[in-house]
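Visitor: Would you mind keeping the following structure in view while I ask a few things?
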Amino acid sequence: MISREQLQNLIERRTNGNRILSVYLDMSVNAENKRTYDIFLSKRKSDFPQLDSDRAGHHREALGEAFARLETWLDEEFDQSNRGVAAFLELGGDWTETIQLPLPVENRVAVDERPVVTPLVELVERYHHHGVILVDREHLRMLSLYMDQTVYEAEVETQPYPTPHDVKRGGFSAKDFQKRKEEEARHFFREFAAEVERFDRLHRPDDLTLLGTHENVRKFEEFLSESIRKKVVHIDRAEIDATPTEVRQKLAPAFERQLEREEAEAVNLLRERIGQSHKAVAGFAETLEQLQEGKVETLIIARDNQVSGGRCGTCNFLLARTGGDCPYCGGEVSDGIDLVEEMVRMAEEQDARVGFVAASTLQDVGGVGGLLRF
Ligand SMILES: [Zn+2]
C-alpha cells in the first residue's frame, strides 16, 4: 500500500549522483491464473545493450545488479494477494524502495536521475478513502476502504433489551414491548451516531456510504450530525453481515461512477474557465510557465501522455521544447526531459492537486491545463 507520506519521501529524495531504476509492474493474474511480468522484464532488459555482457551472480553492470535485486525481491517478498508493484533501485548503490499495490499498474521501466513517480501520483490522487457504515437496529459496522482494500473494520456490539420471550415472562403488554423496542432503537442509534463521529475523526475518510435497509438507514440518518450527513455521498441496501469483499464488490460501480463524475467536472471547469479567460491555462508551454511560477492550484493532465521537453542548464527552467537558447537567461537548453513527470512532480511539491483524465477529453486544449490560484 502507498501513503501520501511515502510518495512525498520519494519525491523529495535527494540525488547522490547515482541513477535510479524505476520499475512498475502489472502483477494481476491472467485467465490462466498466471502472472506475466517476467516476460515484460526480460524484454525490457534486452533493450539495454550493456546487459549483454552481464552475467548472473557476477554483475559487471550496476543495472544488471539492480534488476537481479528486484527479481530476488519479487521471488521472496511479493505478497501474492497484491496486483501491482512499484520499485525504485539505486544503480551502483544500496537504496531500494519497493511498494506493493492492491491495484494493477501499467508495466514500465525507466532509468533516470530520480525515481519516476507519475503512476504512483495518479493512484494516490485518484482514489478516495471511503468510510462505509452498515447499520440495523442492533448493529453497527464501520469499514474503511482504500484502493480496493479494507484497511480498517470495526463492529459495535449492543446489549439488546429483553426479547419477546422474556417480555412474556416479565408480564409486559404487546404495546409496552413495542414502545420499549422504539426506545431501544433510539438509544442504539444515538450511540451509533457517536461511534460514527469517532470513526470519522480517527480515520478521516474522504466520504461516507450508508448501508442497510431503506427504513433503518433513513431513521439512522436523523441521528447523524450535520457535518457527517454532508459527507454521505451514497446510500444503498446491504445485509448487516455482508463480508468486506461483498461490500467492496457492491460499491465498486458507485465508486467508479464517482471518479468518472469528478474527472468530468474537472475538465468542464477547466473548459469553462479557459472560455472566460479566467484563472486557467492550457497547453504544455503555458501551463509549464504558470506552474514554475507557483500559480497552479490544480494540474489537469491527460493520462498516458508522453511529451519530451528541455531544461536550461543555467537557470534550470523547464521548457516545452528542446534545443535552442533559454528565453529567460539565454542559457543552453538540454533535451530528453520527461515533461509529464517533471510537471506532476512540481505540482506535488507545491501541494497543487493533480487530476489525470482520459486523453481524448483534453485533446483540444493541448493535453494539459491548469486551474490557477489567482
Ligand atoms: Zn535559463
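For the C-alpha cells, the naming scheme is as follows: chains receive sequential letters (A, B, ...) according to their order of presentation, residues are indexed from 1 within each chain, and ligands are indexed from 1 in presentation order.
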Counting only C-alpha atoms, what is within 12 Å of A:Pro49, bar same-chain residues fewer than 6 positions away, as a PyMOL selection string?
Guide: chain A and resi 43+61+63-64
Visitor: Taking the backbone alone, and naming residues the way the document does, which bits of stretch 3-155 of chain A are strand (DSSP E) by DSSP, as number ranges by chain?
Guide: A: 20-26, 84-90, 96-101, 108-112, 129-135, 140-146, 149-155
Visitor: Using DSSP secondary structure from the backbone, list all helix (DSSP H, G or I) positions within stretch 23-178 of chain A, as number ranges by chain.
Guide: A: 37-45, 49-53, 62-77, 118-126, 164-170, 174-178
Visitor: May I ask you to write as a PyMOL selection string all residues lying at most 7 Å from ligand 1, with only C-alpha atoms and all ligand atoms counted?
Guide: chain A and resi 312-317+326-331
Visitor: Give me, as a list in words, all polymer residues having an atom no more than 12 Å from A:Glu286, counting only C-alpha atoms and skipping those fewer than 3 positions away in the same chain.
Guide: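 Once the adjacent positions are removed, what remains is Ala280, Val281, Ala282, Gly283, Glu289, Gln290, Leu291, Gln292, Glu293, Lys295, Val296, Leu318, Leu319, Ala320, Arg321, Met343, Val365, Gly366, Gly367, Val368, Gly369, Gly370, Leu371 and Leu372 of chain A.
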Visitor: Mind dumping a table of every stretch 254-330 of chain A residue within 12 Å of stretch 116-138 of chain A, with the nearest atom pair and its distance in Å to one decimal, using only C-alpha atoms, sorted by chain and rising number, as JSON lines?
Guide:
```
{"residue": "A:Ala254", "atom": "CA", "partner": "A:His130", "partner_atom": "CA", "distance": 11.5}
{"residue": "A:Phe255", "atom": "CA", "partner": "A:His128", "partner_atom": "CA", "distance": 8.7}
{"residue": "A:Glu256", "atom": "CA", "partner": "A:Tyr127", "partner_atom": "CA", "distance": 9.6}
{"residue": "A:Gln258", "atom": "CA", "partner": "A:His128", "partner_atom": "CA", "distance": 9.8}
{"residue": "A:Leu259", "atom": "CA", "partner": "A:Arg126", "partner_atom": "CA", "distance": 7.4}
{"residue": "A:Glu260", "atom": "CA", "partner": "A:Arg126", "partner_atom": "CA", "distance": 10.2}
{"residue": "A:Arg261", "atom": "CA", "partner": "A:Arg126", "partner_atom": "CA", "distance": 12.0}
{"residue": "A:Glu262", "atom": "CA", "partner": "A:Arg126", "partner_atom": "CA", "distance": 9.5}
{"residue": "A:Glu263", "atom": "CA", "partner": "A:Arg126", "partner_atom": "CA", "distance": 9.3}
{"residue": "A:Thr298", "atom": "CA", "partner": "A:Glu125", "partner_atom": "CA", "distance": 11.2}
{"residue": "A:Leu299", "atom": "CA", "partner": "A:Glu125", "partner_atom": "CA", "distance": 11.2}
{"residue": "A:Ile300", "atom": "CA", "partner": "A:Glu122", "partner_atom": "CA", "distance": 11.2}
{"residue": "A:Ile301", "atom": "CA", "partner": "A:Glu122", "partner_atom": "CA", "distance": 10.2}
{"residue": "A:Ala302", "atom": "CA", "partner": "A:Glu122", "partner_atom": "CA", "distance": 10.9}
{"residue": "A:Arg303", "atom": "CA", "partner": "A:Glu122", "partner_atom": "CA", "distance": 8.7}
{"residue": "A:Asp304", "atom": "CA", "partner": "A:Pro119", "partner_atom": "CA", "distance": 9.2}
{"residue": "A:Asn305", "atom": "CA", "partner": "A:Thr118", "partner_atom": "CA", "distance": 10.6}
{"residue": "A:Gln306", "atom": "CA", "partner": "A:Thr118", "partner_atom": "CA", "distance": 11.3}
```
Visitor: Between A:Thr15, A:Asn9, A:Gln100, A:Thr209, which is the closest to A:Gln80 once you count only C-alpha atoms?
Guide: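 Residue with the minimum atom-to-atom distance to A:Gln80: A:Gln100.
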Visitor: From the options A:Leu143, A:Val196, A:Val156, A:Ile228, which residue's atoms come nearest to A:Thr243, counting only C-alpha atoms?
Guide: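 Ranked by minimum distance to A:Thr243, first place goes to A:Leu143.
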Visitor: Would you mind telling me which residue in A:Leu21, A:Leu210, A:Met27, A:Leu101 lies nearest to A:Leu70 when using only C-alpha atoms?
Guide: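 Between A:Leu21, A:Leu210, A:Met27, A:Leu101, the residue approaching A:Leu70 most closely is A:Leu21.
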Visitor: What separation in Å, quoted to one decimal, exists between atom CA of A:Arg141 and atom CA of A:Glu155?
Guide: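 Result for atom CA of A:Arg141 versus atom CA of A:Glu155: 4.4 Å, one decimal.
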Visitor: Identify, on the basis of only C-alpha atoms, every residue whose closest approach to stretch 245-252 of chain A does not exceed 10 Å; exclude the query and any residue fewer than 6 positions from it along the same chain; express the result as a PyMOL selection string.
Guide: chain A and resi 132+134+143+145-146+148-150+209+211+234-239+258
Visitor: Write the selection just made, keeping N, CA and C atoms, as a compact mmCIF listing (two decimals), in the first residue's frame?
Guide:
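This went into selection-v9.txt:
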```txt
# COMPACT_ATOMS: atom_id res chain seq x y z
N VAL A 132 -17.40 3.32 5.18
CA VAL A 132 -18.67 2.65 4.92
C VAL A 132 -19.32 2.28 6.25
N LEU A 134 -22.43 0.28 7.99
CA LEU A 134 -23.55 -0.67 7.88
C LEU A 134 -24.34 -0.60 9.18
N LEU A 143 -16.41 0.35 8.10
CA LEU A 143 -15.27 -0.11 7.31
C LEU A 143 -14.60 1.08 6.65
N LEU A 145 -12.24 1.83 3.44
CA LEU A 145 -11.77 1.21 2.20
C LEU A 145 -10.85 2.16 1.44
N TYR A 146 -9.77 1.58 0.90
CA TYR A 146 -8.84 2.40 0.12
C TYR A 146 -8.24 1.52 -0.97
N ASP A 148 -9.46 -0.48 -3.23
CA ASP A 148 -9.96 -1.83 -3.29
C ASP A 148 -9.46 -2.73 -2.15
N GLN A 149 -9.14 -2.12 -1.02
CA GLN A 149 -8.76 -2.92 0.14
C GLN A 149 -9.49 -2.41 1.38
N THR A 150 -9.74 -3.34 2.31
CA THR A 150 -10.32 -2.94 3.58
C THR A 150 -9.16 -2.64 4.51
N THR A 209 -20.47 6.21 3.05
CA THR A 209 -21.56 5.49 2.41
C THR A 209 -22.36 4.83 3.52
N LEU A 211 -25.12 1.94 4.52
CA LEU A 211 -25.72 0.70 4.02
C LEU A 211 -26.66 0.09 5.04
N HIS A 234 -23.37 8.35 -0.75
CA HIS A 234 -24.04 7.21 -1.35
C HIS A 234 -24.80 6.44 -0.27
N ILE A 235 -26.02 6.00 -0.62
CA ILE A 235 -26.83 5.18 0.29
C ILE A 235 -27.29 3.97 -0.50
N ASP A 236 -27.20 2.79 0.12
CA ASP A 236 -27.58 1.58 -0.62
C ASP A 236 -28.07 0.53 0.38
N ARG A 237 -28.68 -0.52 -0.18
CA ARG A 237 -29.12 -1.63 0.65
C ARG A 237 -27.99 -2.62 0.81
N ALA A 238 -27.92 -3.25 1.97
CA ALA A 238 -26.96 -4.35 2.16
C ALA A 238 -27.34 -5.11 3.42
N GLU A 239 -26.97 -6.37 3.44
CA GLU A 239 -27.18 -7.19 4.64
C GLU A 239 -26.19 -6.74 5.70
N GLN A 258 -18.34 7.72 -9.33
CA GLN A 258 -17.94 8.93 -8.61
C GLN A 258 -16.63 9.49 -9.20
```
